[in-house]
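Structure file query16.cif; described as mmCIF, C-alpha atoms and all ligand atoms.
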data_run
#
loop_
_atom_site.label_atom_id
_atom_site.label_comp_id
_atom_site.auth_asym_id
_atom_site.auth_seq_id
_atom_site.Cartn_x
_atom_site.Cartn_y
_atom_site.Cartn_z
CA MET Q 24 128.02 110.59 106.86
CA SER Q 25 126.57 114.06 107.23
CA ALA Q 26 127.79 116.44 109.89
CA ALA Q 27 125.42 115.48 112.68
CA PRO Q 28 124.64 117.97 115.38
CA ALA Q 29 126.27 116.98 118.64
CA THR Q 30 122.88 116.83 120.32
CA ALA Q 31 120.05 115.75 118.08
CA LEU Q 32 117.95 115.26 121.19
CA PRO Q 33 117.17 118.49 123.07
CA PRO Q 34 119.86 119.68 125.43
CA GLY Q 35 119.58 121.04 128.92
CA SER Q 36 116.70 118.85 130.00
CA SER Q 37 116.14 115.83 132.13
CA HIS Q 38 113.14 114.59 130.22
CA GLU Q 39 111.86 111.11 130.10
CA ALA Q 40 111.63 109.54 126.67
CA LEU Q 41 110.11 106.54 124.93
CA LEU Q 42 111.62 104.61 122.06
CA VAL Q 43 109.21 103.12 119.50
CA LEU Q 44 110.48 100.28 117.29
CA ASN Q 45 108.90 98.74 114.20
CA ALA Q 46 111.10 95.90 112.99
CA GLY Q 47 110.63 94.23 109.62
CA SER Q 48 112.58 91.48 107.88
CA SER Q 49 115.29 93.84 106.64
CA SER Q 50 114.58 97.14 108.37
CA LEU Q 51 114.20 98.75 111.77
CA LYS Q 52 112.09 101.91 111.94
CA PHE Q 53 112.36 103.94 115.14
CA SER Q 54 110.97 107.07 116.78
CA VAL Q 55 111.83 108.79 120.03
CA TYR Q 56 109.13 110.67 121.95
CA GLN Q 57 109.60 113.04 124.84
CA VAL Q 58 107.20 112.28 127.67
CA GLY Q 59 105.29 115.06 129.34
CA ALA Q 60 104.87 118.62 128.19
CA PRO Q 61 105.85 121.93 129.73
CA GLU Q 62 102.30 122.96 130.51
CA GLY Q 63 98.66 121.90 130.48
CA PRO Q 64 96.51 119.82 132.78
CA ASP Q 65 97.36 116.50 131.13
CA ALA Q 66 101.04 117.34 130.69
CA LYS Q 67 102.12 113.94 131.95
CA ARG Q 68 100.30 112.21 129.15
CA LYS Q 69 101.56 114.32 126.29
CA LEU Q 70 104.05 112.90 123.84
CA LYS Q 71 106.25 114.99 121.62
CA LEU Q 72 108.09 113.47 118.66
CA LEU Q 73 111.81 114.24 118.85
CA VAL Q 74 113.35 112.15 116.09
CA SER Q 75 112.38 109.32 113.76
CA GLY Q 76 114.37 107.28 111.33
CA VAL Q 77 115.16 103.93 109.82
CA LEU Q 78 117.94 101.40 109.49
CA GLU Q 79 117.30 99.47 106.28
CA GLU Q 80 118.84 96.78 104.08
CA LEU Q 81 120.09 95.15 107.27
CA GLY Q 82 121.04 91.94 105.44
CA HIS Q 83 123.14 93.71 102.79
CA ALA Q 84 124.75 97.15 102.67
CA ALA Q 85 122.80 98.80 105.50
CA ARG Q 86 121.73 102.45 105.47
CA PHE Q 87 120.65 104.71 108.31
CA HIS Q 88 118.93 108.05 108.42
CA VAL Q 89 117.24 110.06 111.12
CA LYS Q 90 115.09 113.20 110.90
CA ASP Q 91 113.73 115.65 113.42
CA SER Q 92 110.01 116.19 114.03
CA GLN Q 93 109.89 118.69 111.12
CA GLY Q 94 111.34 116.12 108.69
CA GLN Q 95 114.74 117.84 108.66
CA MET Q 96 117.60 115.35 108.09
CA LEU Q 97 119.82 115.09 111.18
CA ASP Q 98 122.18 112.29 110.29
CA GLU Q 99 122.73 109.58 107.70
CA LEU Q 100 125.15 106.77 107.23
CA ALA Q 101 125.72 103.98 104.71
CA TRP Q 102 127.63 100.80 105.46
CA PRO Q 103 129.73 99.12 102.74
CA GLU Q 104 128.60 95.90 101.07
CA PRO Q 105 129.51 93.11 103.55
CA ALA Q 106 132.77 91.32 102.79
CA PRO Q 107 132.57 87.63 101.85
CA ALA Q 108 133.04 85.20 104.78
CA PRO Q 109 135.05 85.11 106.97
CA GLY Q 110 135.01 88.94 106.76
CA PRO Q 111 132.53 91.08 108.72
CA GLY Q 112 128.95 90.09 107.87
CA PRO Q 113 126.01 92.42 107.32
CA LEU Q 114 124.83 94.71 110.14
CA GLY Q 115 121.75 92.58 110.87
CA HIS Q 116 119.13 93.34 113.52
CA SER Q 117 121.60 92.83 116.33
CA GLY Q 118 124.08 95.32 114.87
CA ALA Q 119 121.21 97.73 114.18
CA ILE Q 120 120.09 97.71 117.83
CA ASP Q 121 123.69 98.21 118.98
CA PHE Q 122 124.14 101.09 116.55
CA LEU Q 123 120.84 102.73 117.48
CA THR Q 124 121.32 102.57 121.26
CA GLN Q 125 124.85 103.93 120.82
CA TRP Q 126 123.60 106.71 118.49
CA LEU Q 127 120.90 107.72 120.97
CA ARG Q 128 123.47 107.80 123.78
CA GLU Q 129 125.91 109.91 121.77
CA HIS Q 130 123.29 112.41 120.63
CA ASN Q 131 121.61 112.86 123.95
CA GLY Q 132 122.99 116.14 125.18
CA GLY Q 133 120.61 116.77 128.02
CA GLY Q 134 120.17 113.76 130.23
CA MET Q 135 117.23 112.35 128.33
CA ARG Q 136 116.21 109.23 130.20
CA LEU Q 137 114.71 106.33 128.29
CA ILE Q 138 111.85 104.94 130.40
CA GLY Q 139 110.54 102.29 128.02
CA VAL Q 140 110.35 100.82 124.55
CA GLY Q 141 107.15 100.21 122.58
CA HIS Q 142 107.21 97.62 119.80
CA ARG Q 143 104.91 97.02 116.89
CA VAL Q 144 104.10 93.32 116.91
CA VAL Q 145 101.94 92.00 114.12
CA HIS Q 146 100.13 89.19 115.95
CA GLY Q 147 98.56 89.07 119.38
CA GLY Q 148 96.44 86.01 118.60
CA VAL Q 149 93.04 85.58 120.21
CA ARG Q 150 94.34 86.43 123.65
CA TYR Q 151 95.81 89.90 123.26
CA ALA Q 152 93.06 92.43 122.66
CA ASN Q 153 95.26 95.12 124.22
CA PRO Q 154 98.93 96.07 124.38
CA VAL Q 155 100.92 94.18 126.98
CA LEU Q 156 103.96 94.71 129.16
CA LEU Q 157 106.59 92.20 128.08
CA GLY Q 158 108.20 89.58 130.26
CA PRO Q 159 109.59 86.11 129.53
CA GLU Q 160 106.18 84.43 129.74
CA VAL Q 161 104.40 86.86 127.38
CA LEU Q 162 107.35 86.76 124.99
CA GLY Q 163 107.12 82.96 124.92
CA GLU Q 164 103.41 83.17 124.06
CA LEU Q 165 104.08 85.67 121.28
CA GLN Q 166 106.84 83.45 119.92
CA ALA Q 167 104.35 80.59 119.79
CA LEU Q 168 102.15 82.73 117.50
CA SER Q 169 104.94 82.95 114.87
CA PRO Q 170 103.38 80.30 112.61
CA LEU Q 171 100.37 82.65 112.22
CA ALA Q 172 102.63 85.38 110.79
CA PRO Q 173 105.93 83.73 109.85
CA LEU Q 174 107.08 86.59 107.64
CA HIS Q 175 106.63 89.25 110.34
CA GLN Q 176 106.34 87.97 113.92
CA PRO Q 177 109.92 86.64 114.36
CA HIS Q 178 111.35 89.95 113.09
CA ASN Q 179 109.07 91.94 115.42
CA LEU Q 180 110.15 89.89 118.44
CA LEU Q 181 113.91 89.83 117.84
CA PRO Q 182 114.57 93.46 118.94
CA ILE Q 183 112.68 92.79 122.19
CA ARG Q 184 115.24 90.14 123.12
CA LEU Q 185 118.14 92.27 121.93
CA ILE Q 186 116.99 95.26 124.02
CA GLU Q 187 116.51 93.02 127.06
CA GLN Q 188 120.13 91.84 126.65
CA ARG Q 189 121.58 95.33 126.10
CA LEU Q 190 119.39 97.34 128.49
CA PRO Q 191 118.17 94.78 131.06
CA GLY Q 192 115.23 95.89 133.15
CA LEU Q 193 114.02 98.58 130.73
CA PRO Q 194 110.24 98.07 130.45
CA GLN Q 195 109.10 96.97 127.00
CA VAL Q 196 105.57 96.91 125.62
CA ALA Q 197 104.13 95.01 122.66
CA CYS Q 198 101.37 96.71 120.62
CA PHE Q 199 99.55 94.44 118.20
CA ASP Q 200 98.20 94.95 114.69
CA THR Q 201 95.47 92.43 115.44
CA ALA Q 202 94.30 93.77 118.81
CA PHE Q 203 91.91 96.48 117.62
CA HIS Q 204 89.84 93.94 115.68
CA ARG Q 205 89.14 91.69 118.66
CA SER Q 206 86.05 93.81 119.33
CA ALA Q 207 84.47 92.57 116.08
CA PRO Q 208 81.46 90.26 116.42
CA GLU Q 209 82.31 86.54 116.42
CA VAL Q 210 80.47 86.06 113.14
CA SER Q 211 82.81 88.47 111.36
CA GLN Q 212 85.87 86.65 112.72
CA ALA Q 213 84.72 83.18 111.67
CA PHE Q 214 85.55 81.06 108.64
CA ALA Q 215 83.06 78.44 107.49
CA LEU Q 216 85.45 75.68 108.51
CA PRO Q 217 84.89 72.78 110.91
CA ALA Q 218 84.63 74.00 114.50
CA LYS Q 219 87.70 72.07 115.61
CA LEU Q 220 89.83 74.17 113.23
CA SER Q 221 88.28 77.44 114.45
CA GLN Q 222 89.17 76.36 117.99
CA LYS Q 223 92.79 76.00 116.86
CA GLY Q 224 92.86 79.70 115.98
CA LEU Q 225 91.94 79.49 112.28
CA ARG Q 226 89.86 82.65 112.15
CA ARG Q 227 89.87 86.14 110.69
CA TYR Q 228 92.20 88.32 112.77
CA GLY Q 229 92.51 91.53 110.75
CA PHE Q 230 95.63 93.75 110.75
CA HIS Q 231 96.71 97.44 110.57
CA GLY Q 232 94.88 97.78 113.91
CA LEU Q 233 97.21 100.48 115.27
CA SER Q 234 96.46 102.64 112.25
CA TYR Q 235 92.70 102.13 112.58
CA GLU Q 236 92.83 102.81 116.29
CA TYR Q 237 94.65 106.08 115.65
CA ILE Q 238 92.02 107.10 113.06
CA ALA Q 239 89.18 106.08 115.40
CA ARG Q 240 90.65 108.33 118.10
CA ALA Q 241 91.26 111.23 115.71
CA LEU Q 242 87.91 111.05 113.88
CA PRO Q 243 85.73 112.82 116.49
CA SER Q 244 87.71 116.05 115.99
CA PHE Q 245 87.05 115.89 112.21
CA ASP Q 246 83.53 114.46 112.04
CA ALA Q 247 81.63 113.86 115.29
CA HIS Q 248 78.63 112.43 113.42
CA ALA Q 249 80.69 109.78 111.59
CA ALA Q 250 82.75 109.03 114.70
CA ALA Q 251 79.55 108.08 116.52
CA GLY Q 252 78.21 106.30 113.44
CA LYS Q 253 79.40 104.15 110.54
CA THR Q 254 82.77 104.72 108.88
CA VAL Q 255 84.97 102.73 106.52
CA VAL Q 256 88.69 103.49 106.85
CA MET Q 257 90.99 102.64 103.95
CA HIS Q 258 94.62 102.11 104.94
CA LEU Q 259 96.26 102.18 101.51
CA GLY Q 260 100.03 101.76 101.83
CA ASN Q 261 102.36 99.06 100.53
CA GLY Q 262 100.20 96.82 102.63
CA ALA Q 263 96.54 97.78 102.22
CA SER Q 264 93.35 96.96 104.05
CA MET Q 265 89.99 98.41 105.02
CA CYS Q 266 88.14 98.47 108.31
CA ALA Q 267 84.50 99.08 109.21
CA LEU Q 268 84.16 101.24 112.33
CA GLN Q 269 80.89 101.35 114.25
CA ALA Q 270 81.11 104.16 116.82
CA GLY Q 271 84.90 103.87 116.78
CA ARG Q 272 85.09 100.10 117.19
CA SER Q 273 86.19 97.66 114.50
CA ILE Q 274 83.33 95.43 113.43
CA ALA Q 275 84.86 93.99 110.24
CA SER Q 276 88.07 94.14 108.22
CA SER Q 277 89.19 93.16 104.73
CA MET Q 278 92.19 91.22 106.06
CA GLY Q 279 91.66 87.76 107.50
CA PHE Q 280 93.85 84.98 108.86
CA THR Q 281 96.93 86.60 107.33
CA ALA Q 282 97.88 90.00 105.96
CA VAL Q 283 97.71 88.66 102.39
CA ASP Q 284 93.88 88.67 102.33
CA GLY Q 285 91.52 91.38 101.16
CA LEU Q 286 92.69 94.22 98.93
CA MET Q 287 95.27 94.05 96.17
CA MET Q 288 98.52 95.51 97.58
CA GLY Q 289 102.00 96.52 96.43
CA THR Q 290 103.21 92.94 96.00
CA ARG Q 291 100.44 90.91 97.72
CA CYS Q 292 97.51 89.49 95.78
CA GLY Q 293 94.73 90.01 98.33
CA ASN Q 294 91.51 88.02 98.20
CA LEU Q 295 91.92 84.80 96.19
CA ASP Q 296 89.83 81.74 95.55
CA PRO Q 297 91.41 79.04 97.80
CA GLY Q 298 90.81 76.57 94.94
CA LEU Q 299 93.42 78.51 92.98
CA VAL Q 300 96.06 77.61 95.57
CA LEU Q 301 95.18 73.92 95.18
CA TYR Q 302 95.53 74.32 91.41
CA LEU Q 303 99.00 75.87 91.85
CA MET Q 304 99.99 72.86 93.94
CA ASP Q 305 98.40 70.09 91.90
CA GLU Q 306 98.81 71.30 88.35
CA LEU Q 307 101.78 73.70 88.47
CA LYS Q 308 103.58 71.61 91.13
CA MET Q 309 104.43 74.63 93.24
CA ASP Q 310 105.41 73.99 96.86
CA ALA Q 311 104.38 76.10 99.86
CA ARG Q 312 107.42 78.40 99.71
CA ALA Q 313 107.01 79.05 95.98
CA ILE Q 314 103.31 79.86 96.51
CA GLU Q 315 104.19 82.10 99.44
CA ARG Q 316 106.64 84.01 97.25
CA LEU Q 317 104.06 84.34 94.51
CA LEU Q 318 101.25 85.56 96.79
CA TYR Q 319 103.30 87.87 99.03
CA LYS Q 320 106.13 89.18 96.85
CA GLU Q 321 105.30 88.78 93.17
CA SER Q 322 101.62 89.70 92.92
CA GLY Q 323 99.57 92.86 93.55
CA LEU Q 324 100.48 96.08 91.73
CA LEU Q 325 103.90 94.65 90.84
CA GLY Q 326 102.59 91.36 89.46
CA VAL Q 327 99.72 92.81 87.45
CA SER Q 328 101.68 95.73 85.99
CA GLY Q 329 104.99 93.93 85.61
CA ILE Q 330 106.46 97.39 86.24
CA SER Q 331 106.48 98.38 89.90
CA SER Q 332 104.80 97.95 93.28
CA ASP Q 333 105.02 101.71 93.77
CA MET Q 334 101.80 103.63 93.07
CA ARG Q 335 103.77 106.78 92.20
CA VAL Q 336 105.62 104.96 89.40
CA LEU Q 337 102.42 103.40 88.06
CA SER Q 338 100.51 106.70 88.19
CA GLU Q 339 103.18 108.35 86.04
CA SER Q 340 103.54 105.47 83.59
CA ALA Q 341 101.96 105.55 80.12
CA GLU Q 342 102.09 101.72 79.90
CA PRO Q 343 98.61 100.16 79.55
CA ARG Q 344 99.57 97.50 82.13
CA ALA Q 345 100.19 100.22 84.73
CA GLN Q 346 96.63 101.46 84.21
CA GLU Q 347 95.30 97.88 84.34
CA ALA Q 348 96.95 97.45 87.75
CA ILE Q 349 95.48 100.75 89.01
CA ASP Q 350 92.03 99.82 87.70
CA LEU Q 351 92.14 96.48 89.50
CA PHE Q 352 93.38 98.18 92.70
CA VAL Q 353 90.39 100.55 92.64
CA TYR Q 354 87.95 97.81 91.65
CA ARG Q 355 88.99 95.64 94.61
CA ILE Q 356 88.57 98.61 96.98
CA THR Q 357 85.10 99.24 95.50
CA ARG Q 358 84.06 95.62 96.06
CA GLU Q 359 85.36 95.59 99.66
CA LEU Q 360 83.65 98.88 100.33
CA GLY Q 361 80.29 97.39 99.36
CA SER Q 362 80.95 94.44 101.66
CA LEU Q 363 81.97 96.59 104.65
CA ALA Q 364 79.08 99.04 104.12
CA ALA Q 365 76.78 95.99 104.19
CA ALA Q 366 78.38 94.81 107.45
CA LEU Q 367 77.75 98.28 108.90
CA GLY Q 368 74.24 98.56 107.47
CA GLY Q 369 74.96 102.00 106.00
CA LEU Q 370 77.76 104.50 105.75
CA ASP Q 371 78.36 107.99 107.16
CA ALA Q 372 81.97 108.52 106.09
CA LEU Q 373 84.98 107.21 104.23
CA VAL Q 374 88.49 107.89 105.48
CA PHE Q 375 91.60 107.60 103.29
CA THR Q 376 94.94 107.07 105.02
CA ALA Q 377 98.55 105.74 104.61
CA GLY Q 378 100.89 106.48 101.66
CA ILE Q 379 98.43 106.10 98.76
CA GLY Q 380 95.36 107.22 100.72
CA GLU Q 381 97.09 110.36 101.98
CA HIS Q 382 98.90 111.33 98.79
CA SER Q 383 97.16 110.02 95.68
CA ALA Q 384 94.31 112.34 94.66
CA LYS Q 385 93.85 110.19 91.57
CA ILE Q 386 93.10 106.99 93.52
CA ARG Q 387 90.85 108.88 95.97
CA GLU Q 388 88.90 110.35 93.07
CA ALA Q 389 88.46 106.97 91.39
CA VAL Q 390 87.32 105.34 94.65
CA CYS Q 391 84.90 108.17 95.50
CA LYS Q 392 83.36 108.06 92.02
CA GLN Q 393 82.71 104.32 92.43
CA ALA Q 394 81.21 105.07 95.86
CA ALA Q 395 78.62 107.53 94.48
CA TRP Q 396 75.89 104.92 95.11
CA LEU Q 397 76.71 105.20 98.84
CA GLY Q 398 76.08 108.94 98.73
CA VAL Q 399 79.67 110.17 98.27
CA GLU Q 400 79.89 113.44 96.32
CA LEU Q 401 83.52 114.33 95.69
CA ASP Q 402 84.77 117.92 95.96
CA SER Q 403 87.48 117.73 93.26
CA VAL Q 404 89.23 120.93 94.28
CA ALA Q 405 89.44 119.86 97.94
CA ASN Q 406 90.62 116.43 96.83
CA GLU Q 407 93.43 117.87 94.70
CA SER Q 408 94.59 120.00 97.62
CA GLY Q 409 94.59 117.03 100.01
CA GLY Q 410 91.52 117.73 102.17
CA PRO Q 411 91.05 116.90 104.98
CA LEU Q 412 87.38 117.04 103.88
CA ILE Q 413 87.17 115.98 100.21
CA SER Q 414 83.40 115.55 99.86
CA ARG Q 415 80.99 118.38 99.05
CA LEU Q 416 79.03 120.01 101.84
CA GLY Q 417 75.70 118.22 101.93
CA SER Q 418 77.18 114.95 100.62
CA ARG Q 419 75.16 112.14 102.26
CA CYS Q 420 78.39 110.29 102.98
CA ALA Q 421 81.46 112.36 103.89
CA ALA Q 422 84.97 111.58 102.62
CA TRP Q 423 88.10 112.52 104.58
CA VAL Q 424 91.87 112.33 104.24
CA ILE Q 425 93.41 111.78 107.69
CA PRO Q 426 97.13 110.98 108.03
CA THR Q 427 97.68 107.96 110.24
CA ASN Q 428 100.26 107.77 113.02
CA GLU Q 429 100.91 104.22 114.19
CA GLU Q 430 104.10 105.22 116.04
CA LEU Q 431 102.26 107.75 118.19
CA MET Q 432 99.65 105.10 118.97
CA ILE Q 433 102.42 102.73 120.13
CA ALA Q 434 104.06 105.47 122.22
CA SER Q 435 100.72 106.34 123.78
CA HIS Q 436 99.92 102.70 124.67
CA THR Q 437 103.43 102.23 126.03
CA LEU Q 438 103.11 105.27 128.27
CA ASP Q 439 99.68 104.14 129.46
CA LEU Q 440 101.04 100.76 130.48
CA LEU Q 441 104.12 102.21 132.16
CA GLN Q 442 101.98 104.58 134.19
CA GLN Q 443 99.59 101.88 135.33
CA PRO Q 444 100.47 99.92 138.42
CA GLN Q 445 101.59 96.58 136.94
CA GLU Q 446 102.72 93.25 138.21
CA PHE Q 447 106.04 92.61 136.55
CA GLU Q 448 106.86 89.00 135.83
P1 LIG S 1 104.02 101.16 104.18
O1 LIG S 1 102.89 100.17 104.11
O2 LIG S 1 105.32 100.59 103.72
O3 LIG S 1 104.10 101.95 105.46
P2 LIG S 1 103.23 103.70 102.97
O4 LIG S 1 102.06 103.95 103.84
O5 LIG S 1 104.42 104.54 103.11
O6 LIG S 1 103.65 102.17 103.01
O7 LIG S 1 102.71 103.77 101.45
C1 LIG S 1 103.54 103.46 100.38
C2 LIG S 1 102.76 103.63 99.10
O8 LIG S 1 102.30 105.00 99.02
C3 LIG S 1 103.57 103.37 97.84
O9 LIG S 1 102.80 102.64 96.91
C4 LIG S 1 103.80 104.78 97.32
O10 LIG S 1 103.94 104.79 95.92
C5 LIG S 1 102.51 105.45 97.73
N1 LIG S 1 102.66 106.91 97.65
C6 LIG S 1 103.39 107.72 98.44
N2 LIG S 1 103.31 109.00 98.00
C7 LIG S 1 102.50 108.98 96.91
C8 LIG S 1 102.02 109.97 95.99
N3 LIG S 1 102.37 111.25 96.12
N4 LIG S 1 101.19 109.57 95.00
C9 LIG S 1 100.84 108.28 94.87
N5 LIG S 1 101.25 107.31 95.69
C10 LIG S 1 102.07 107.65 96.69
#
Output the structure of this file as structure tokens.
Amino acid sequence: MSAAPATALPPGSSHEALLVLNAGSSSLKFSVYQVGAPEGPDAKRKLKLLVSGVLEELGHAARFHVKDSQGQMLDELAWPEPAPAPGPGPLGHSGAIDFLTQWLREHNGGGMRLIGVGHRVVHGGVRYANPVLLGPEVLGELQALSPLAPLHQPHNLLPIRLIEQRLPGLPQVACFDTAFHRSAPEVSQAFALPAKLSQKGLRRYGFHGLSYEYIARALPSFDAHAAAGKTVVMHLGNGASMCALQAGRSIASSMGFTAVDGLMMGTRCGNLDPGLVLYLMDELKMDARAIERLLYKESGLLGVSGISSDMRVLSESAEPRAQEAIDLFVYRITRELGSLAAALGGLDALVFTAGIGEHSAKIREAVCKQAAWLGVELDSVANESGGPLISRLGSRCAAWVIPTNEELMIASHTLDLLQQPQEFE
């Protein structure tokens, strides 16, 4: 463990703070924001990042690190490989929440008061088009949505219960990856399935909504014309999707019923002929779990290249299969771009965001070249230096690199809900 400063959180203050949690199957990402700012007319609404970090490998030998707002490492810790039963088991989510709340207490030198927790929750179903203050009833409804996102929803909800047990009465807010897409026209959310199945919730939901919402809010300060017009945002991370924004509202997305649809991703296959799944069942005798593993964990960049799910590794590899995977990744983006531009009826701007979108000039260049027919003229020098504007002046369609910030979006929603008069359950 590194020598941690006694007070990682600012001393000598009595600030209010928000905790943001993003829990996955084996990790817990967290950020702490200070509420309010020393000056300015909207001081109450300002949020300042204090620390962010992650607890990962929660089912094995867990690791923890935390950085300040400048990315400077403040503390890190690694747990030993868990002993075989009946010895102490892995840290798990429960141990991670205990550790984190204790760490925050120990490193809070100045009376920082936690006023709420915002959670990233993948699925809000048809009902939740906005973030919601959590109580037993809402939590029950969100639990009932677990079959729609079995690999994510239960992990997202677990910390909510754990926090309620450890810090009873602390307000908690759920922010959904699906919510931003509820503004899309019905036709773009529908599958061509019998109506009785649509009524049971079998529809296109779309995901990465917190990222798209952040970009939609940030876009006016980069490109007022595009923000009022037609933009396609590409969230290219380990998970990848694209969203068509019409005047800042989602009107279509590449992801559908689940987060495996649409683009090729790190380990997910993206868009697939449903007949292929039937073939896997009938001819290759694969059951649902084996197919799930194949589509979610063994496909995408990893499956096609046979090398890695990490775009950095593939970009540096001389193996032909690495290039094949990159080519398919770009091709699938190109096809989705055509589809989303058609849904918008034109295009004013492209926005690249998330790990690959923000950092890979090579992928941006390949995508922009394929988008020349939409009026994109790449400025190669600006692209190599990371933008934000990477299209030439006078390009009919602009291209931007805008870093996303889902955590800030969650903190902002959480603060909004806490400051609204609410009826608590
Ligand atoms: P997550 O969906 O897990 O939040 P990120 O948004 O962090 O993912 O994106 C992870 C992806 O970004 C990985 O494929 C990684 O290789 C890629 N990436 C990060 N930095 C670079 C870089 N400099 N060049 C190319 N790809 C990068």
Would you compute the distance between atom CA of Q:Lys219 and atom CA of Q:Gln176? Give it in Å to one decimal. 24.6 Å
So which residues touch stretch 321-329 of chain Q within 6 Å, counting all atoms listed in the file, skipping near sequence neighbours fewer than 2 positions away, as number ranges by chain? Q: 287-292, 317-318, 331-332, 344-345, 348
Just C-alpha atoms for this one: save the residues we selected as a PDB file, in the coordinates of the input.
ATOM      1  CA  MET Q 287      95.270  94.050  96.170  1.00  0.00           C
ATOM      2  CA  MET Q 288      98.520  95.510  97.580  1.00  0.00           C
ATOM      3  CA  GLY Q 289     102.000  96.520  96.430  1.00  0.00           C
ATOM      4  CA  THR Q 290     103.210  92.940  96.000  1.00  0.00           C
ATOM      5  CA  ARG Q 291     100.440  90.910  97.720  1.00  0.00           C
ATOM      6  CA  CYS Q 292      97.510  89.490  95.780  1.00  0.00           C
ATOM      7  CA  LEU Q 317     104.060  84.340  94.510  1.00  0.00           C
ATOM      8  CA  LEU Q 318     101.250  85.560  96.790  1.00  0.00           C
ATOM      9  CA  SER Q 331     106.480  98.380  89.900  1.00  0.00           C
ATOM     10  CA  SER Q 332     104.800  97.950  93.280  1.00  0.00           C
ATOM     11  CA  ARG Q 344      99.570  97.500  82.130  1.00  0.00           C
ATOM     12  CA  ALA Q 345     100.190 100.220  84.730  1.00  0.00           C
ATOM     13  CA  ALA Q 348      96.950  97.450  87.750  1.00  0.00           C
TER      14      ALA Q 348
END
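Take atom CA of Q:Tyr56 and atom CA of Q:Pro113: the distance between them is 28.8 Å.
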Within 10 Å of Q:Ser276 using all atoms listed in the file, minus same-chain residues under 5 positions, as a PyMOL selection string: chain Q and resi 204+207+211-212+227-232+255-257+264-268+284-285+359+362-363+366
Using the file's own x, y and z axes, so that the box edges lie along x, y and z, what centre and edge lengths in Å (one decimal) does a box around every listed atom of ligand LIG 1 (chain S) get when 4 Å is added on each side? Give it as AutoDock Vina command-line options.
--center_x 103.1 --center_y 105.7 --center_z 100.2 --size_x 12.5 --size_y 19.1 --size_z 18.6
